[in-house]
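J.: Quick one: structure below, then a few questions.
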Amino acid sequence: MKTILMLTDFSGNATHAARAAATVVEKLHADILLFNTYYDHPILPAYGGGPWVVEEFVFRKEDSTAQLSHLAIQLRHVIADQTKNGFRPKTDYQSGEGSLGENVEVILKDKAIDMIVMGGSTNSGLEHLFFGSDTMDVINHANCPVLVIPPKALLKKINKVTVATAFELADINAITYLVGLAKNIGFELEIVHVSLTEKDEEPVKERAIHNRVRAIKQANVTYQQIRGKDVIKRLKGMCKDNGSDILALVHYQHGFFADIFRTSNTEQALSGNHLPIMVIPSQLINP
């Protein structure tokens, strides 16, 4: 049975993300595991704009458990309203003290988690993704896709997903994963090769990806390229123009995307992006 790990700090953003994701768990035939990190001692906020900041109070285990139970009840009502084919996902919860990323790493070792869901910041989804310390902490510990859902984004209808790839061989796993997800949910998948240069690069890798795309026997898979400067701004515009409901990225701790998102105009280019962002690890296990 599949399990979706939903991370929450009980903020409005996190609760919205959990409720939004709960609307699609039936299609994924997945159960839900809610998780909250609590602290038994005061901490100073490390990232003032993030959704995980503890301000004037301290979460303790009792508080965490009580609020998790309340959120689980909310999600069960959301799921009941969406159930059509008789599948009833289970909603469980647990909490742990300390670092969010380290707690997630322990859960991933102990349980078969297929996806992680967490809330985005009030800023752009991509801006928070690459500048929010807790989000990156989770992503760097994850061996499964991480879905970051910004405020007001909905998942009731997922008609199109755009995946940006640097044409690394590991991207084939991400494409395979998304093709399987498309079969369950019924969305169109657009594969976009993003390159900083105008010329072809590493033809062996490129041919491997092309062969994989051609091997997909689905009419709802398309392919195109973005080359040259301002690729982030153009990718953002493409998603807006083509009506994408989710933007997927293949995550490498070092390399292509890490370099792109360190550029000086990143914050300006990503301003106002409110798409849910799915981050797929380059070393995806069992795609």
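Naming works like this for the structure tokens: A, B, ... for the chains as they're shown, residue 1 at the start of each chain, ligands 1 onward in shown order.
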Would you mind listing what lies within 12 Å of Glu105 in chain A as a list in words, with only C-alpha atoms counted and same-chain residues fewer than 5 positions away left out?

T.: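 Selected residues are Leu5, Gly96, Ser99, Leu100, Asp110, Lys111, Ala112, Ile113, Ile116, Asp137, Val138, Ile139, Asn140, His141, Ala142, Asn143 and Cys144 of chain A.
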
J.: Given the selection you just returned, output its residues as a file containing N, CA and C atoms, formatted as a short mmCIF file (atom, residue, chain, number, x, y, z; two decimals), in the first residue's frame.

T.:
```cif
data_model
loop_
_atom_site.label_atom_id
_atom_site.label_comp_id
_atom_site.auth_asym_id
_atom_site.auth_seq_id
_atom_site.Cartn_x
_atom_site.Cartn_y
_atom_site.Cartn_z
N LEU A 5 3.41 10.97 3.07
CA LEU A 5 3.82 11.63 4.31
C LEU A 5 3.50 13.11 4.19
N GLY A 96 7.66 13.89 16.35
CA GLY A 96 9.01 13.65 16.80
C GLY A 96 9.68 14.95 17.17
N SER A 99 15.15 18.07 14.62
CA SER A 99 15.29 18.51 13.23
C SER A 99 14.26 17.86 12.32
N LEU A 100 13.63 18.69 11.50
CA LEU A 100 12.64 18.18 10.56
C LEU A 100 13.27 17.21 9.57
N ASP A 110 12.15 3.75 8.04
CA ASP A 110 11.27 2.82 8.75
C ASP A 110 10.01 2.47 7.98
N LYS A 111 9.56 3.36 7.10
CA LYS A 111 8.28 3.16 6.41
C LYS A 111 8.43 3.32 4.90
N ALA A 112 7.54 2.69 4.17
CA ALA A 112 7.55 2.79 2.70
C ALA A 112 6.74 4.04 2.30
N ILE A 113 7.42 5.16 2.17
CA ILE A 113 6.78 6.43 1.82
C ILE A 113 6.94 6.67 0.32
N ILE A 116 6.15 12.91 -0.28
CA ILE A 116 6.09 13.83 0.85
C ILE A 116 5.36 15.09 0.41
N ASP A 137 16.01 21.14 3.57
CA ASP A 137 16.44 20.09 4.48
C ASP A 137 15.67 18.80 4.21
N VAL A 138 14.36 18.93 4.01
CA VAL A 138 13.53 17.76 3.69
C VAL A 138 13.93 17.18 2.34
N ILE A 139 14.08 18.05 1.34
CA ILE A 139 14.40 17.59 -0.01
C ILE A 139 15.74 16.86 -0.04
N ASN A 140 16.71 17.37 0.69
CA ASN A 140 18.03 16.74 0.70
C ASN A 140 18.06 15.40 1.41
N HIS A 141 17.05 15.14 2.25
CA HIS A 141 16.97 13.85 2.93
C HIS A 141 16.03 12.87 2.24
N ALA A 142 15.29 13.34 1.24
CA ALA A 142 14.22 12.54 0.65
C ALA A 142 14.74 11.59 -0.42
N ASN A 143 14.17 10.38 -0.45
CA ASN A 143 14.43 9.43 -1.54
C ASN A 143 13.17 9.20 -2.36
N CYS A 144 12.19 10.11 -2.19
CA CYS A 144 10.94 10.04 -2.93
C CYS A 144 10.54 11.47 -3.30
#
```

J.: Residues of range 105-183 of chain A in alpha helix (DSSP H) according to DSSP, as a ChimeraX atom specification?

T.: /A:105-110,125-131,133-141,171-183

J.: Ranking A:Ile216, A:Leu7, A:Ala208, A:Leu275 by minimum distance to Lys240 in chain A and counting only C-alpha atoms, which one comes first?

T.: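 Comparing A:Ile216, A:Leu7, A:Ala208, A:Leu275 against Lys240 in chain A, the winner is A:Leu275.
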
J.: Write out as a list in words each polymer residue whose atoms come within 10 Å of Met238 in chain A, counting only C-alpha atoms; drop sequence neighbours fewer than 6 positions from it.

T.: Thr162, Val192, Ile226, Ile232 and Ser244 of chain A

J.: For Arg234 in chain A, which residue among A:Thr8, A:Ser195, A:Asn211, A:Asn220 is the nearest when counting only C-alpha atoms?

T.: A:Ser195
